[in-house]
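In what follows, a single structure is set out as structure tokens and then discussed.
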Amino acid sequence: MREPAESTPSHGKSRVPARMQRWKRPNVWLGAIIPSLLLIFALRGYSLVLLEIIPLLRSRSPAIACGYAVVVHIALFLTGYSYFAVFFQRRESPRRKEPPVEVQEKRVIFACDDQGESIRCYRDSCGGAWQSLRTRHCADCATCRPNFDHHCAFVSNCIGQDTMKPFFTFLVWAAVLLSVALVPFVPLEFRSMREVVRTTWDTAELEERWWSRRLSWAGGPVWHYAGGLLLGYRLYQKTAHERPLLVPDVTTRTFTQDGITYAYDVPLYPSLAVPHLGTLAVVFFALFITLIALAMIFVIVRNTRLGTSAIQIERTRLWRSQDGVKPVYDARVALWVPLDAERQAGQGAVVYVEPDTPLFDLGPSENWRRVMGEKWWQWFVPWVPSRASDLHDLNPRVIDTLRERARKKR
């Protein structure tokens with residue numbers, strides 16, 4: 001075990017100049033761009049589902065169309081509810097400036113400075129607000145966040161005590177929504193891609209504009225063939241009126257000119273009947289978001305069951321990477337530890353804790369229930385709040401170890 005340092009750089013009372021230039025931070029401007037792109041994708045995807053996919057399914061099998069529509073709309077509601085529960089979570093400075101009485105009287109374990117005083121934050125507009133053990137100041141939001149995990153540009157907000165649960169349900173229902181919605185899209189889009197490749201890739205025009213150029217290999221094979229596919233879609237559009245519809249359902253329209261009535265056929269599902277780059281983009285973006293959601297679900301489930309967080313894992317990795325060399329960053333946290341089980345006020349010592357100490361690990365099942373809910377159905381609804389606590393969720397075995405270390409320092 002390493003010897004305690006003279007100070008803990010992770011906490012302190014030093015004053016930092018107010019309100020840094022937040023817009024220079026990537027997460028801030030990405031948090032303005034990505035939600036807008038998600039909105040555009042959602043509107044375009046929903047219009048395709050509502051106006052083309054559901055009517056197409058209804059013409060083939062009304063029962064399947066009904067089931068598809070019900071599942072999609074339930075998942076869409078829960079996805080949207082969860083997303084906006086995170087997106088609109090308040091970003092104002094902490095309302096509570098003073099620590100709880102039990103912290104002021106030093107009757108519980110809490111994060112402290114070298115002298116055993118509670119930590120306060122003076123960054124941005126926090127104004128000396130008390131910081132609990134798992135509270136971190138988010139420079140992207142310019143405020144302190146309880147149980148801080150990470151800042152997510154997809155929802156333009158922090159993931160922490162009030163947002164971890166709805167963020168998890170957003171990921172779950174987004175994965176369900178996109179997976180179900182994509183079921184009829186994938187075979188249709190695969191057929192479109194195959195038709196584009198068959199009719200355009202061997203043409204002289206595409207050979208001249210793409211295949212024969214050195215630029216087509218600038219990004220390697222993926223760039224080469226992806227560029228050929230995109231240009232192939234563009235070329236296909238020029239002659240689409242001469243080719244048979246991939247989805248042959250049509251309706252007849254008429255118009256009158258000079259007293260003569262003309263009739264012509266138009267596809268009932270124009271975005272599906274002919275290969276369109278817009279439809280291709282929606283399908284690939286949906287697949288991309290689904291993979292991200294599944295990866296994040298795995299990470300959150302793992303971290304929650306371990307009683308840790310993304311930022312704690314990164315601090316642990318950095319701490320371990322410095323093993324055996326002179327540390328440039330001390331990731332340990334100073335804790336005030338009361339000496340006796342009755343937690344008599346004022347009797348204790350400052351103990352430095354390594355970042356890989358399982359402070360909040362109460363066992364996989366209990367860790368999960370405290371964050372996601374007691375009942376299984378509560379895990380999938382965003383309106384059931386978490387009940388995690390910095391002061392009362394400590395690992396009993398770790399508490400005993402900390403008290404023993406505190407007694408040795410007296």
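Labels for the structure tokens follow display order: chains A, B, ..., residues from 1 in each chain, ligands from 1.
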Practice problem: Pick out each residue of region 356-395 of chain A that DSSP on the backbone tags as alpha helix (DSSP H); I need them as JSON, numbers by chain. | Solution: {"A": [364, 365, 366, 367, 368, 369, 370, 371, 372]}
Just-selected residues, C-alpha atoms written as a PDB file, in the first residue's frame:
```
ATOM      1  CA  PRO A 364     -24.478  -7.409  -7.080  1.00  0.00           C
ATOM      2  CA  SER A 365     -28.192  -7.828  -6.301  1.00  0.00           C
ATOM      3  CA  GLU A 366     -28.386  -5.100  -3.662  1.00  0.00           C
ATOM      4  CA  ASN A 367     -26.312  -2.698  -5.766  1.00  0.00           C
ATOM      5  CA  TRP A 368     -28.716  -3.221  -8.657  1.00  0.00           C
ATOM      6  CA  ARG A 369     -31.891  -2.809  -6.581  1.00  0.00           C
ATOM      7  CA  ARG A 370     -30.725   0.439  -5.013  1.00  0.00           C
ATOM      8  CA  VAL A 371     -30.228   2.032  -8.433  1.00  0.00           C
ATOM      9  CA  MET A 372     -32.840   0.362 -10.644  1.00  0.00           C
TER      10      MET A 372
END
```
Give me the region 277-334 of chain A side of the contact with region 39-50 of chain A, cut-off 9 Å, one line per residue showing its nearest atom pair and distance in Å at one decimal, counting only C-alpha atoms, sorted by chain and residue number, as a tab-separated table.
```
residue	atom	partner	partner_atom	distance
A:Gly278	CA	A:Arg44	CA	8.8
A:Thr279	CA	A:Leu48	CA	8.3
A:Val282	CA	A:Gly45	CA	6.3
A:Val283	CA	A:Gly45	CA	8.5
A:Phe285	CA	A:Phe41	CA	8.0
A:Ala286	CA	A:Phe41	CA	8.5
```
Quiz item: Which residues in region 204-392 of chain A does DSSP call strand (DSSP E or B)? List them as a PyMOL selection string.
Solution: chain A and resi 250-257+260-267+333-338+348-353
Self-check item: Among listed residues A:Pro26, A:Gly160, A:Gly31, A:Pro248, nearest Ser309 (chain A) (using only C-alpha atoms)
Solution: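 Going through A:Pro26, A:Gly160, A:Gly31, A:Pro248 one by one, the smallest distance to Ser309 (chain A) is for A:Gly160.
Comparing the minimum interatomic distances between Asn157 (chain A) and each of A:Gln89, A:Thr200, A:Thr135, A:Ser212, counting only C-alpha atoms, we find that A:Gln89 sits nearest.
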Quiz item: What lies within 9 Å of Asp149 (chain A) using only C-alpha atoms, ignoring chain neighbours under 4 positions off, as a VMD selection string?
Solution: chain A and resid 134 136 145 158 to 161 164 308 to 312
